[in-house]
Every structure is written in C-alpha cells, then in structure tokens.
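Trainee: Got protein09.tsv for you, TSV, C-alpha atoms and all ligand atoms:
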```tsv
chain	number	residue	atom	x	y	z
A	1	MET	CA	21.59	71.42	162.83
A	2	ILE	CA	24.05	74.02	161.67
A	3	VAL	CA	26.55	75.96	163.72
A	4	PHE	CA	27.43	79.33	162.31
A	5	ASP	CA	30.41	81.50	163.03
A	6	LEU	CA	28.74	84.84	163.74
A	7	THR	CA	30.06	88.36	164.03
A	8	CYS	CA	28.27	91.34	165.59
A	9	GLY	CA	28.41	94.98	164.51
A	10	ASN	CA	31.19	95.55	167.04
A	11	ASP	CA	33.35	92.76	165.59
A	12	HIS	CA	32.75	90.22	168.35
A	13	SER	CA	32.86	86.63	167.16
A	14	PHE	CA	30.61	83.95	168.59
A	15	GLU	CA	28.77	80.80	167.54
A	16	GLY	CA	25.11	80.31	166.85
A	17	TRP	CA	23.14	77.10	166.40
A	18	PHE	CA	20.30	76.88	163.92
A	19	ALA	CA	18.06	74.21	162.47
A	20	SER	CA	18.95	75.42	158.97
A	21	ALA	CA	20.24	78.36	157.00
A	22	ALA	CA	16.64	79.50	156.58
A	23	ASP	CA	16.18	79.38	160.35
A	24	PHE	CA	19.16	81.70	160.76
A	25	ASP	CA	17.78	84.12	158.17
A	26	ARG	CA	14.40	84.12	159.88
A	27	GLN	CA	15.88	84.83	163.31
A	28	GLN	CA	18.17	87.46	161.87
A	29	GLN	CA	15.30	89.27	160.16
A	30	ALA	CA	13.23	89.13	163.32
A	31	THR	CA	16.28	90.57	165.17
A	32	GLN	CA	16.05	87.69	167.59
A	33	LEU	CA	19.80	87.42	167.37
A	34	ASN	CA	22.07	89.49	169.50
A	35	CYS	CA	25.70	89.43	170.52
A	36	PRO	CA	26.27	87.64	173.86
A	37	LEU	CA	29.07	90.08	174.63
A	38	CYS	CA	27.51	93.48	173.90
A	39	GLY	CA	23.89	92.80	172.92
A	40	ASN	CA	24.34	94.28	169.44
A	41	THR	CA	21.56	93.00	167.14
A	42	THR	CA	23.54	93.58	163.93
A	43	VAL	CA	24.60	89.96	163.55
A	44	HIS	CA	25.97	88.42	160.40
A	45	LYS	CA	27.56	85.13	159.42
A	46	GLY	CA	31.28	84.62	159.04
A	47	LEU	CA	32.29	82.95	155.78
A	48	GLN	CA	35.24	80.72	156.43
A	49	ALA	CA	34.45	77.23	155.21
A	50	PRO	CA	31.28	77.27	153.14
A	51	TYR	CA	29.86	74.14	151.63
A	52	VAL	CA	27.05	73.42	149.25
A	53	ASN	CA	24.18	71.21	150.27
A	54	THR	CA	22.70	69.73	147.13
A	55	GLY	CA	20.57	67.18	148.95
A	56	SER	CA	22.36	64.22	147.38
A	57	ALA	CA	24.00	61.24	149.04
A	58	PRO	CA	27.35	61.94	150.66
A	59	GLN	CA	30.55	61.01	148.90
A	60	ALA	CA	33.60	59.35	150.39
A	61	PRO	CA	35.78	61.87	152.21
A	62	GLN	CA	39.02	63.11	150.76
A	63	ARG	CA	41.89	64.61	152.60
A	64	GLY	CA	42.58	68.16	151.60
A	65	LYS	CA	44.38	71.23	152.61
A	66	PRO	CA	42.91	72.97	155.64
A	67	ALA	CA	41.44	76.40	155.20
A	68	PRO	CA	43.68	79.14	156.48
A	69	LYS	CA	42.53	80.33	159.87
A	70	SER	CA	43.36	83.43	161.81
A	71	ALA	CA	44.71	83.12	165.33
A	72	ALA	CA	41.50	84.66	166.62
A	73	ALA	CA	39.38	82.06	164.85
A	74	ALA	CA	41.55	79.24	166.18
A	75	ALA	CA	41.32	80.58	169.73
A	76	GLN	CA	37.55	80.44	169.45
A	77	TYR	CA	37.64	76.66	169.39
A	78	THR	CA	39.67	76.05	172.51
A	79	ASN	CA	36.38	75.43	174.34
A	80	ILE	CA	34.74	73.47	171.57
A	81	GLY	CA	32.24	70.95	172.88
A	82	ALA	CA	32.18	67.27	172.01
A	83	GLU	CA	28.86	67.71	170.25
A	84	VAL	CA	30.18	70.48	168.02
A	85	THR	CA	33.27	68.43	167.28
A	86	ARG	CA	31.11	65.46	166.27
A	87	LEU	CA	28.95	67.65	164.03
A	88	ILE	CA	31.96	69.08	162.25
A	89	GLU	CA	33.58	65.66	161.91
A	90	HIS	CA	30.39	64.40	160.32
A	91	LEU	CA	30.36	67.37	157.98
A	92	ILE	CA	33.94	66.76	156.93
A	93	ALA	CA	33.37	63.02	156.49
A	94	SER	CA	30.31	63.58	154.31
A	95	THR	CA	31.68	66.27	152.03
A	96	GLU	CA	34.34	66.34	149.36
A	97	ASP	CA	37.05	68.94	149.84
A	98	VAL	CA	37.52	70.88	146.61
A	99	GLY	CA	39.65	73.59	148.21
A	100	ASN	CA	39.93	76.80	146.24
A	101	GLU	CA	37.95	75.28	143.36
A	102	PHE	CA	34.87	75.62	145.55
A	103	PRO	CA	33.05	78.46	143.71
A	104	GLU	CA	33.66	76.87	140.29
A	105	GLU	CA	32.74	73.38	141.45
A	106	ALA	CA	29.60	74.63	143.22
A	107	ARG	CA	28.50	76.24	139.95
A	108	LYS	CA	29.20	73.08	137.93
A	109	ILE	CA	27.08	71.05	140.34
A	110	HIS	CA	24.31	73.64	140.27
A	111	TYR	CA	24.23	73.68	136.47
A	112	GLN	CA	24.56	69.87	136.38
A	113	GLU	CA	27.94	69.94	134.67
A	114	ALA	CA	29.42	67.88	137.50
A	115	PRO	CA	28.06	64.97	139.59
A	116	GLU	CA	25.74	66.14	142.33
A	117	ARG	CA	27.37	65.83	145.75
A	118	HIS	CA	28.20	67.67	148.95
A	119	ILE	CA	31.34	69.71	148.65
A	120	ARG	CA	33.29	71.98	150.92
A	121	GLY	CA	36.11	74.39	150.29
A	122	ASN	CA	37.24	77.95	150.44
A	123	ALA	CA	35.50	81.00	149.03
A	124	SER	CA	35.69	84.72	149.61
A	125	ARG	CA	32.69	86.70	150.79
A	126	GLU	CA	32.29	88.10	147.26
A	127	GLU	CA	32.39	84.63	145.70
A	128	VAL	CA	29.79	83.35	148.14
A	129	GLU	CA	27.51	86.30	147.41
A	130	GLU	CA	27.83	85.64	143.67
A	131	LEU	CA	26.89	82.01	144.21
A	132	ARG	CA	23.87	83.02	146.26
A	133	ASP	CA	22.83	85.50	143.55
A	134	GLU	CA	22.75	82.53	141.18
A	135	GLY	CA	20.48	80.64	143.56
A	136	ILE	CA	23.16	78.25	144.82
A	137	GLU	CA	22.77	77.29	148.46
A	138	VAL	CA	26.00	77.95	150.35
A	139	VAL	CA	26.37	77.54	154.10
A	140	ALA	CA	29.31	78.89	156.06
A	141	VAL	CA	30.55	76.63	158.83
A	142	PRO	CA	33.56	77.25	161.05
A	143	VAL	CA	35.89	74.24	160.98
A	144	PRO	CA	38.80	74.07	163.43
A	145	ARG	CA	42.14	73.36	161.80
A	146	HIS	CA	42.85	70.24	163.86
A	147	LEU	CA	39.66	68.65	162.48
A	148	MET	CA	40.46	69.58	158.89
A	149	ASP	CA	43.90	68.01	159.27
A	150	LYS	CA	42.61	64.77	160.75
A	151	PRO	CA	43.18	61.79	158.46
A	152	HIS	CA	40.35	59.33	157.75
B	1	ZN	ZN	29.27	92.33	170.23
```
Transcribe the structure of this file into structure tokens.

Mentor:
Amino acid sequence: MIVFDLTCGNDHSFEGWFASAADFDRQQQATQLNCPLCGNTTVHKGLQAPYVNTGSAPQAPQRGKPAPKSAAAAAQYTNIGAEVTRLIEHLIASTEDVGNEFPEEARKIHYQEAPERHIRGNASREEVEELRDEGIEVVAVPVPRHLMDKPH
C-alpha cells in the first residue's frame, strides 16, 4: 500500500491510497481520480520524499536530515491517522536515508554499481523524471517532519 501526496489542477493538496505506483497510474489514466475539494480530474503526484524500491531486503535504518517541508505540507499531517503513521514509520525503518545523494545513489543501484537496497532521499521533479526516463522506479511518499526526525 502506498500513500501519495496528490495535487489537483487547481493546486489543492490531498492524499491518495494505492496498491502500487502502477495502480495509481492506471487510475489516473482512467480519470478515476478526482480532487475531493473541487472534483478536478487533473490529478498528479507530489514529489517530496521519493524512494526507490529495488525489491531487495531492507537495510538497517539510518538517521538522516529531514526533507525540507513547506508549512502547507506540514499542516496536511495534523490529522494523520495511526495507520498512515505506521506505514510511514515502516517505510523509514526499512529504507536508508541518502539525503540529497538520492538521484546519484538510485542510479548506482540501478546500474549495479552500489549494493541493491531500499533508499530514500530528496530529489527535484526534474531529477525524478530523469530517473524514470532511465527506467528506475521512484515512488514519491509524503513524510511528516516529526517522523523523519524520530530516532531509532
Ligand atoms: Zn481541487
């Protein structure tokens, strides 16, 4: 299960739950997605804390710097449910934080120049699109700051 940070054509932010990234793409193409606030069907993913799923065993978590978050993004999580919190905690615990090295590290893993593992970190929209062009699976997941900061 993946929770995406979504934005509609009118700049409303909301969350969507999907079985996988492919499930999101399928629903998006079928225009089954619409904004809960205005009904706009132009829905796209936010790209705040992408991670690569390489299908390998998870690595021990590392503490890292939290991704910078806007006030608007932070406000979105004031009503975060326990289930969402647990999902994100699991995600953080099972990925290695590579911070701003994310695009480079994702490439190294993809081209088998680095050990295969789950990583998370920061990337711009352009960087994520470049990775996807190279066939690297990147999933954007919104992670509240207080969870990123939590020590393990
Ligand atoms: Zn909207």

Trainee: As number ranges by chain, please: every protein or nucleic acid residue near ligand ZN 1 (chain B) (cut-off 9 Å, counting all atoms listed in the file).

Mentor: A: 7-14, 34-43

Trainee: Just give me the gap between atom CA of Glu105 of chain A and atom CA of Leu131 of chain A in Å, one decimal is fine.

Mentor: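 Between atom CA of Glu105 of chain A and atom CA of Leu131 of chain A the gap works out to 10.8 Å.
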
Trainee: What's the separation between atom CA of Ser94 of chain A and atom CA of Ile2 of chain A, in Å to one decimal place?

Mentor: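 Spanning atom CA of Ser94 of chain A to atom CA of Ile2 of chain A is a straight-line distance of 14.2 Å.
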
Trainee: Just how far from atom CA of Asp25 of chain A is atom CA of His44 of chain A, in Å to one decimal?

Mentor: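 Pair atom CA of His44 of chain A / atom CA of Asp25 of chain A returns 9.5 Å.
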
Trainee: Compute the distance from (30.9, 79.9, 149.0) to each atom, counting all atoms listed in the file, keep the residues with any atom at most 7 Å away, and return them as a list in words; use the coordinates of the file.

Mentor: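 Those residues lying close to the given coordinates are Pro50, Tyr51, Phe102, Pro103, Asn122, Ala123, Ser124, Glu127, Val128, Leu131 and Val138 of chain A.
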
Trainee: From the set A:Ala114, A:Ile119, A:Ala140, A:Leu6, which residue has the shortest atom-to-atom contact distance to Glu96 of chain A, counting only C-alpha atoms?

Mentor: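 Of A:Ala114, A:Ile119, A:Ala140, A:Leu6, the one nearest Glu96 of chain A is A:Ile119, counting only C-alpha atoms.
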